[in-house]
>>> print(open('start_3.cif').read())   # mmCIF, C-alpha atoms and all ligand atoms
data_entry
loop_
_atom_site.group_PDB
_atom_site.id
_atom_site.type_symbol
_atom_site.label_atom_id
_atom_site.label_comp_id
_atom_site.auth_asym_id
_atom_site.auth_seq_id
_atom_site.Cartn_x
_atom_site.Cartn_y
_atom_site.Cartn_z
ATOM 1 C CA ASP R 1 157.465 204.665 308.019
ATOM 2 C CA THR R 2 157.963 204.686 311.747
ATOM 3 C CA ILE R 3 157.187 207.179 314.504
ATOM 4 C CA LEU R 4 159.214 206.942 317.698
ATOM 5 C CA ILE R 5 157.143 207.569 320.834
ATOM 6 C CA LEU R 6 159.415 208.058 323.813
ATOM 7 C CA ASN R 7 158.424 208.230 327.456
ATOM 8 C CA GLY R 8 160.824 209.196 330.192
ATOM 9 C CA PRO R 9 161.094 208.624 333.932
ATOM 10 C CA ASN R 10 158.084 207.540 336.012
ATOM 11 C CA LEU R 11 155.795 207.206 333.008
ATOM 12 C CA ASN R 12 155.930 203.424 333.540
ATOM 13 C CA LEU R 13 153.708 204.222 336.553
ATOM 14 C CA LEU R 14 151.049 205.931 334.442
ATOM 15 C CA GLY R 15 147.598 205.046 335.797
ATOM 16 C CA GLN R 16 148.929 204.497 339.334
ATOM 17 C CA ARG R 17 150.966 207.646 339.814
ATOM 18 C CA GLU R 18 149.084 210.841 340.824
ATOM 19 C CA PRO R 19 145.958 209.846 338.844
ATOM 20 C CA HIS R 20 144.333 213.215 339.654
ATOM 21 C CA ILE R 21 147.058 214.755 337.468
ATOM 22 C CA TYR R 22 147.899 212.026 334.937
ATOM 23 C CA GLY R 23 144.655 210.019 334.738
ATOM 24 C CA HIS R 24 143.848 206.330 335.140
ATOM 25 C CA GLU R 25 145.008 204.996 331.802
ATOM 26 C CA THR R 26 148.185 202.905 331.828
ATOM 27 C CA LEU R 27 151.059 203.348 329.383
ATOM 28 C CA ALA R 28 150.097 199.992 327.838
ATOM 29 C CA ASP R 29 146.574 201.397 327.208
ATOM 30 C CA VAL R 30 148.071 204.447 325.522
ATOM 31 C CA GLU R 31 150.419 202.290 323.456
ATOM 32 C CA ALA R 32 147.600 200.038 322.196
ATOM 33 C CA ARG R 33 145.450 203.010 321.191
ATOM 34 C CA CYS R 34 148.349 204.795 319.492
ATOM 35 C CA ARG R 35 149.305 201.672 317.498
ATOM 36 C CA THR R 36 145.781 201.382 316.107
ATOM 37 C CA LEU R 37 145.685 205.072 315.247
ATOM 38 C CA ALA R 38 149.111 205.018 313.562
ATOM 39 C CA ALA R 39 148.245 201.891 311.559
ATOM 40 C CA GLY R 40 145.278 203.782 310.093
ATOM 41 C CA PHE R 41 147.774 206.272 308.661
ATOM 42 C CA GLY R 42 150.028 203.475 307.377
ATOM 43 C CA LEU R 43 152.573 204.246 310.093
ATOM 44 C CA THR R 44 154.372 201.900 312.474
ATOM 45 C CA LEU R 45 155.192 202.833 316.049
ATOM 46 C CA ALA R 46 158.322 202.282 318.064
ATOM 47 C CA PHE R 47 156.916 202.873 321.564
ATOM 48 C CA HIS R 48 159.432 202.984 324.420
ATOM 49 C CA GLN R 49 159.741 204.021 328.055
ATOM 50 C CA SER R 50 162.823 204.307 330.219
ATOM 51 C CA ASN R 51 163.764 205.856 333.530
ATOM 52 C CA ALA R 52 167.352 206.181 332.284
ATOM 53 C CA GLU R 53 168.580 209.276 330.484
ATOM 54 C CA HIS R 54 171.191 207.414 328.401
ATOM 55 C CA GLN R 55 168.573 204.951 327.130
ATOM 56 C CA LEU R 56 166.324 207.790 325.946
ATOM 57 C CA ILE R 57 169.292 209.374 324.157
ATOM 58 C CA ASP R 58 170.174 206.069 322.437
ATOM 59 C CA TRP R 59 166.593 205.781 321.102
ATOM 60 C CA ILE R 60 166.579 209.409 319.893
ATOM 61 C CA GLN R 61 169.837 208.778 318.041
ATOM 62 C CA ALA R 62 168.429 205.624 316.437
ATOM 63 C CA TYR R 63 165.491 207.546 314.925
ATOM 64 C CA ARG R 64 167.143 210.936 314.272
ATOM 65 C CA VAL R 65 167.096 210.498 310.484
ATOM 66 C CA GLY R 66 164.663 208.670 308.213
ATOM 67 C CA SER R 67 161.784 208.230 310.669
ATOM 68 C CA ALA R 68 158.409 209.991 310.387
ATOM 69 C CA GLY R 69 159.185 211.898 313.583
ATOM 70 C CA ILE R 70 159.604 211.657 317.327
ATOM 71 C CA VAL R 71 156.978 212.203 320.025
ATOM 72 C CA ILE R 72 158.724 212.744 323.341
ATOM 73 C CA ASN R 73 157.413 213.010 326.864
ATOM 74 C CA ALA R 74 160.726 213.288 328.685
ATOM 75 C CA GLY R 75 159.054 213.497 332.109
ATOM 76 C CA ALA R 76 161.172 215.452 334.574
ATOM 77 C CA TYR R 77 164.202 215.274 332.238
ATOM 78 C CA THR R 78 162.273 217.883 330.239
ATOM 79 C CA HIS R 79 163.283 220.410 332.858
ATOM 80 C CA THR R 80 166.855 219.244 333.478
ATOM 81 C CA SER R 81 168.487 217.453 330.576
ATOM 82 C CA ILE R 82 170.854 219.319 328.285
ATOM 83 C CA ALA R 83 172.018 215.892 327.046
ATOM 84 C CA ILE R 84 168.508 215.092 325.742
ATOM 85 C CA LEU R 85 168.325 218.568 324.177
ATOM 86 C CA ASP R 86 171.631 217.942 322.386
ATOM 87 C CA ALA R 87 170.351 214.589 321.083
ATOM 88 C CA LEU R 88 167.139 216.247 319.821
ATOM 89 C CA ASN R 89 169.141 219.034 318.180
ATOM 90 C CA ALA R 90 170.936 216.327 316.174
ATOM 91 C CA CYS R 91 167.592 215.145 314.723
ATOM 92 C CA GLU R 92 166.523 215.820 311.152
ATOM 93 C CA VAL R 93 162.918 214.709 311.700
ATOM 94 C CA PRO R 94 160.006 216.603 313.312
ATOM 95 C CA ILE R 95 159.850 216.449 317.099
ATOM 96 C CA ILE R 96 156.615 216.795 319.073
ATOM 97 C CA GLU R 97 157.038 217.502 322.782
ATOM 98 C CA CYS R 98 154.159 216.017 324.738
ATOM 99 C CA HIS R 99 153.068 216.510 328.357
ATOM 100 C CA ILE R 100 149.978 214.862 329.758
ATOM 101 C CA SER R 101 149.439 217.665 332.269
ATOM 102 C CA ASN R 102 149.405 221.384 331.586
ATOM 103 C CA VAL R 103 152.890 222.061 332.943
ATOM 104 C CA HIS R 104 152.282 225.809 332.742
ATOM 105 C CA ARG R 105 149.674 225.781 335.494
ATOM 106 C CA ARG R 106 151.882 223.708 337.801
ATOM 107 C CA GLU R 107 155.050 224.457 339.806
ATOM 108 C CA ALA R 108 157.402 227.080 338.384
ATOM 109 C CA PHE R 109 160.189 224.512 337.913
ATOM 110 C CA ARG R 110 157.991 222.795 335.286
ATOM 111 C CA HIS R 111 157.611 225.972 333.228
ATOM 112 C CA HIS R 112 161.022 225.741 331.615
ATOM 113 C CA SER R 113 161.641 222.993 329.063
ATOM 114 C CA TYR R 114 164.968 222.152 327.416
ATOM 115 C CA VAL R 115 163.027 219.910 325.028
ATOM 116 C CA SER R 116 161.044 222.922 323.744
ATOM 117 C CA LEU R 117 164.280 224.452 322.418
ATOM 118 C CA ALA R 118 164.430 221.604 319.864
ATOM 119 C CA ALA R 119 160.719 220.823 319.416
ATOM 120 C CA THR R 120 158.742 221.442 316.237
ATOM 121 C CA ALA R 121 155.554 221.651 318.331
ATOM 122 C CA VAL R 122 154.562 221.363 321.976
ATOM 123 C CA MET R 123 151.503 219.748 323.581
ATOM 124 C CA ALA R 124 150.545 220.112 327.225
ATOM 125 C CA GLY R 125 147.311 219.492 329.108
ATOM 126 C CA PHE R 126 145.572 217.245 326.581
ATOM 127 C CA GLY R 127 145.899 214.258 328.880
ATOM 128 C CA THR R 128 146.933 211.063 327.124
ATOM 129 C CA HIS R 129 144.967 212.244 324.079
ATOM 130 C CA GLY R 130 148.010 214.451 323.407
ATOM 131 C CA TYR R 131 149.829 211.391 322.041
ATOM 132 C CA ASP R 132 147.016 210.782 319.554
ATOM 133 C CA LEU R 133 147.084 214.407 318.459
ATOM 134 C CA ALA R 134 150.854 214.273 318.028
ATOM 135 C CA ILE R 135 150.578 211.160 315.816
ATOM 136 C CA ARG R 136 147.876 212.852 313.733
ATOM 137 C CA HIS R 137 150.120 215.869 313.230
ATOM 138 C CA LEU R 138 153.140 213.784 312.193
ATOM 139 C CA ALA R 139 150.922 211.915 309.713
ATOM 140 C CA HIS R 140 149.725 215.283 308.410
ATOM 141 C CA LEU R 141 153.311 216.530 307.995
ATOM 142 C CA ARG R 142 154.158 213.282 306.160
ATOM 143 C CA GLU R 143 151.304 213.860 303.690
ATOM 144 C CA ALA R 144 152.212 217.520 303.156
ATOM 145 C CA HIS R 145 155.679 216.415 301.940
HETATM 146 C C1 LIG T 201 155.033 215.404 332.510
HETATM 147 C C2 LIG T 201 155.235 216.726 333.275
HETATM 148 C C3 LIG T 201 156.590 216.753 333.954
HETATM 149 O O1 LIG T 201 156.791 217.979 334.637
HETATM 150 C C4 LIG T 201 156.679 215.606 334.948
HETATM 151 O O2 LIG T 201 157.973 215.580 335.544
HETATM 152 C C5 LIG T 201 156.336 214.291 334.363
HETATM 153 C C6 LIG T 201 155.220 214.197 333.419
HETATM 154 C C7 LIG T 201 153.615 215.302 331.898
HETATM 155 O O3 LIG T 201 153.422 214.422 331.072
HETATM 156 O O4 LIG T 201 152.710 216.066 332.258
HETATM 157 O O5 LIG T 201 156.928 213.264 334.707
HETATM 158 O O6 LIG T 201 155.961 215.348 331.452
#
>>> encode(input="start_3.cif", output="structure tokens")
Amino acid sequence: DTILILNGPNLNLLGQREPHIYGHETLADVEARCRTLAAGFGLTLAFHQSNAEHQLIDWIQAYRVGSAGIVINAGAYTHTSIAILDALNACEVPIIECHISNVHRREAFRHHSYVSLAATAVMAGFGTHGYDLAIRHLAHLREAH
């Protein structure tokens, strides 16, 4: 079984970009840790990042049925993209929305999320540990089935 972990725009700069908000870990660090964690649950990861909206949508569509779920940090597209919302609404698998920062204590334009309208659960402010928690929850949902 596979979990899709999707990262949107600017998350390729994780570790270099605003480290006081997003921390010093790189996306490659997060990916390595998540792969080890998922393997312990017998799950495989598809771990992707893109700055392009269409690419994120293509990956969502590829995992919309039959996967163990989708973890999505859509970056700023969270707050703007009806197209990503539509793609998520077409999914039959659980969706965990993940934000490294606590978007609710930041600028008002980060308080609204299109992704939340389709998400099974939402994480914000757990730092990069949020990805680990999301994987644990998807593994838990898999076992409960
Ligand atoms: C983010 C929060 C978004 O508002 C922002 O545009 C990001 C990262 C987070 O992980 O905290 O790019 O999704």
>>> residues_near_ligand(input="start_3.cif", ligand="ligand LIG 201 (chain T)", cutoff="8 Å", atoms="only C-alpha atoms and all ligand atoms", output="NGL selection string")
:R and (8-11 or 21-22 or 73-79 or 98-103 or 110 or 124-125 or 127)
>>> axis_aligned_box(input="start_3.cif", around="stretch 70-84 of chain R", padding_each_side="8 Å", output="JSON")
{"center_x": 164.5, "center_y": 216.0, "center_z": 326.0, "size_x": 31.0, "size_y": 24.8, "size_z": 33.2}
>>> atom_distance(input="start_3.cif", atom1="atom CA of R:Glu107", atom2="atom CA of R:His137")
28.4 Å
>>> atom_distance(input="start_3.cif", atom1="atom CA of R:Leu117", atom2="atom CA of R:Leu88")
9.1 Å
>>> resolve_selection(input="start_3.cif", expression="the PyMOL selection byres (((chain R and resi 49-61) around 9) and not hetatm)", output="PDB file with C-alpha atoms, in the coordinates of the input")
ATOM      1  CA  LEU R   4     159.214 206.942 317.698  1.00  0.00           C
ATOM      2  CA  ILE R   5     157.143 207.569 320.834  1.00  0.00           C
ATOM      3  CA  LEU R   6     159.415 208.058 323.813  1.00  0.00           C
ATOM      4  CA  ASN R   7     158.424 208.230 327.456  1.00  0.00           C
ATOM      5  CA  GLY R   8     160.824 209.196 330.192  1.00  0.00           C
ATOM      6  CA  PRO R   9     161.094 208.624 333.932  1.00  0.00           C
ATOM      7  CA  ASN R  10     158.084 207.540 336.012  1.00  0.00           C
ATOM      8  CA  LEU R  11     155.795 207.206 333.008  1.00  0.00           C
ATOM      9  CA  ASN R  12     155.930 203.424 333.540  1.00  0.00           C
ATOM     10  CA  LEU R  27     151.059 203.348 329.383  1.00  0.00           C
ATOM     11  CA  PHE R  47     156.916 202.873 321.564  1.00  0.00           C
ATOM     12  CA  HIS R  48     159.432 202.984 324.420  1.00  0.00           C
ATOM     13  CA  ALA R  62     168.429 205.624 316.437  1.00  0.00           C
ATOM     14  CA  TYR R  63     165.491 207.546 314.925  1.00  0.00           C
ATOM     15  CA  ARG R  64     167.143 210.936 314.272  1.00  0.00           C
ATOM     16  CA  VAL R  65     167.096 210.498 310.484  1.00  0.00           C
ATOM     17  CA  ILE R  70     159.604 211.657 317.327  1.00  0.00           C
ATOM     18  CA  ALA R  74     160.726 213.288 328.685  1.00  0.00           C
ATOM     19  CA  TYR R  77     164.202 215.274 332.238  1.00  0.00           C
ATOM     20  CA  SER R  81     168.487 217.453 330.576  1.00  0.00           C
ATOM     21  CA  ALA R  83     172.018 215.892 327.046  1.00  0.00           C
ATOM     22  CA  ILE R  84     168.508 215.092 325.742  1.00  0.00           C
ATOM     23  CA  ALA R  87     170.351 214.589 321.083  1.00  0.00           C
ATOM     24  CA  LEU R  88     167.139 216.247 319.821  1.00  0.00           C
ATOM     25  CA  ALA R  90     170.936 216.327 316.174  1.00  0.00           C
ATOM     26  CA  CYS R  91     167.592 215.145 314.723  1.00  0.00           C
TER      27      CYS R  91
END
>>> closest_residue(input="start_3.cif", among="R:Val30, R:Leu141, R:Ile3, R:Val93", to="R:Gly15", atoms="all atoms listed in the file")
R:Val30
>>> atom_distance(input="start_3.cif", atom1="atom CA of R:Pro94", atom2="atom CA of R:Leu138")
7.5 Å
>>> resolve_selection(input="start_3.cif", expression="the PyMOL selection byres (((chain R and resi 33) around 12) and not hetatm)", output="number ranges by chain")
R: 25-32, 34-40, 45, 47, 128-133, 135
